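Participant: Take this structure, written in structure tokens, and hold onto it; I'll ask about it next.
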Amino acid sequence: MKRIDARGLSCPEPVIMTKNALASKESSYEVLVDNIAAKENVSRFARHQGYQVQVEENGDDYLLRIEK
């Protein structure tokens, strides 16, 4: 599992980091973001790539679990 910490970054950086991680073709990923726009954009991108996305809210952060 690959873990990406994109907290403190504004879009499109979290999406680009996720895109680069997905290129490794691992079976699952965790992406940590700290704003709603990044959560929505990363989730949308991953779903369009054929992945399933689960979102957990941890205080001010969002943990996105991305799996094929």
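If you're wondering about the labels, chains in the structure tokens are A, B, ... by order shown, residues count from 1 in each chain, ligands from 1 in order shown.
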Run DSSP on the backbone of this structure and report the residues of chain A it assigns to strand (DSSP E), as a count of residues only.

Facilitator: 24

Participant: By how many Å are CA of Glu26 (chain A) and CA of Asp60 (chain A) apart?

Facilitator: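 CA of Asp60 (chain A) lies at a distance of 27.3 Å from CA of Glu26 (chain A).
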
Participant: Env of region 12-24 of chain A: 8 Å cut, atoms = only C-alpha atoms, seq-sep filter 6 positions within chain, self excluded. Answer as a list in words.

Facilitator: Lys2, Ile4, Ala6, Val31, Val33, Ala38, Asn41, Val42 and Phe45 of chain A

Participant: Go through chain A and collect every residue that DSSP, computed from the backbone, puts in helix (DSSP H, G or I); the answer should be as a tab-separated table (two decimals) with N, CA and C atoms, in the first residue's frame.

Facilitator:
chain	number	residue	atom	x	y	z
A	13	GLU	N	-2.30	19.96	-7.00
A	13	GLU	CA	-1.18	19.15	-6.51
A	13	GLU	C	-1.58	17.80	-5.93
A	14	PRO	N	-2.62	17.71	-5.07
A	14	PRO	CA	-3.00	16.38	-4.55
A	14	PRO	C	-3.42	15.41	-5.66
A	15	VAL	N	-4.08	15.92	-6.69
A	15	VAL	CA	-4.50	15.06	-7.80
A	15	VAL	C	-3.28	14.58	-8.58
A	16	ILE	N	-2.32	15.46	-8.81
A	16	ILE	CA	-1.11	15.09	-9.54
A	16	ILE	C	-0.32	14.05	-8.75
A	17	MET	N	-0.20	14.24	-7.42
A	17	MET	CA	0.50	13.26	-6.59
A	17	MET	C	-0.20	11.91	-6.64
A	18	THR	N	-1.54	11.92	-6.64
A	18	THR	CA	-2.30	10.68	-6.71
A	18	THR	C	-2.11	10.02	-8.07
A	19	LYS	N	-2.15	10.82	-9.13
A	19	LYS	CA	-1.94	10.28	-10.47
A	19	LYS	C	-0.57	9.61	-10.58
A	20	ASN	N	0.46	10.24	-10.06
A	20	ASN	CA	1.80	9.66	-10.10
A	20	ASN	C	1.86	8.37	-9.29
A	21	ALA	N	1.18	8.33	-8.15
A	21	ALA	CA	1.18	7.13	-7.32
A	21	ALA	C	0.44	5.99	-8.02
A	22	LEU	N	-0.68	6.29	-8.67
A	22	LEU	CA	-1.45	5.25	-9.35
A	22	LEU	C	-0.66	4.61	-10.49
A	36	ILE	N	-11.75	20.12	1.58
A	36	ILE	CA	-12.86	19.46	0.87
A	36	ILE	C	-12.61	19.41	-0.63
A	37	ALA	N	-12.06	20.48	-1.20
A	37	ALA	CA	-11.83	20.49	-2.65
A	37	ALA	C	-10.87	19.37	-3.06
A	38	ALA	N	-9.80	19.19	-2.31
A	38	ALA	CA	-8.84	18.13	-2.62
A	38	ALA	C	-9.50	16.76	-2.46
A	39	LYS	N	-10.31	16.60	-1.40
A	39	LYS	CA	-11.01	15.33	-1.18
A	39	LYS	C	-11.89	15.00	-2.38
A	40	GLU	N	-12.66	15.97	-2.83
A	40	GLU	CA	-13.58	15.73	-3.95
A	40	GLU	C	-12.83	15.50	-5.25
A	41	ASN	N	-11.79	16.28	-5.51
A	41	ASN	CA	-11.05	16.15	-6.77
A	41	ASN	C	-10.27	14.84	-6.85
A	42	VAL	N	-9.62	14.46	-5.76
A	42	VAL	CA	-8.86	13.19	-5.77
A	42	VAL	C	-9.83	12.02	-5.89
A	43	SER	N	-10.96	12.08	-5.17
A	43	SER	CA	-11.96	11.01	-5.25
A	43	SER	C	-12.49	10.87	-6.67
A	44	ARG	N	-12.84	11.98	-7.29
A	44	ARG	CA	-13.37	11.97	-8.65
A	44	ARG	C	-12.34	11.39	-9.63
A	45	PHE	N	-11.08	11.84	-9.50
A	45	PHE	CA	-10.04	11.35	-10.39
A	45	PHE	C	-9.86	9.84	-10.25
A	46	ALA	N	-9.78	9.36	-9.01
A	46	ALA	CA	-9.56	7.93	-8.78
A	46	ALA	C	-10.72	7.10	-9.32
A	47	ARG	N	-11.93	7.56	-9.12
A	47	ARG	CA	-13.10	6.83	-9.63
A	47	ARG	C	-13.08	6.78	-11.15
A	48	HIS	N	-12.68	7.87	-11.79
A	48	HIS	CA	-12.60	7.88	-13.25
A	48	HIS	C	-11.51	6.94	-13.76

Participant: Let me make sure I understand: among A:Tyr62, A:Lys68, A:Gly8, A:Glu57, which one has the smallest atom-to-atom distance to Ser28 (chain A) if we use only C-alpha atoms?

Facilitator: A:Lys68
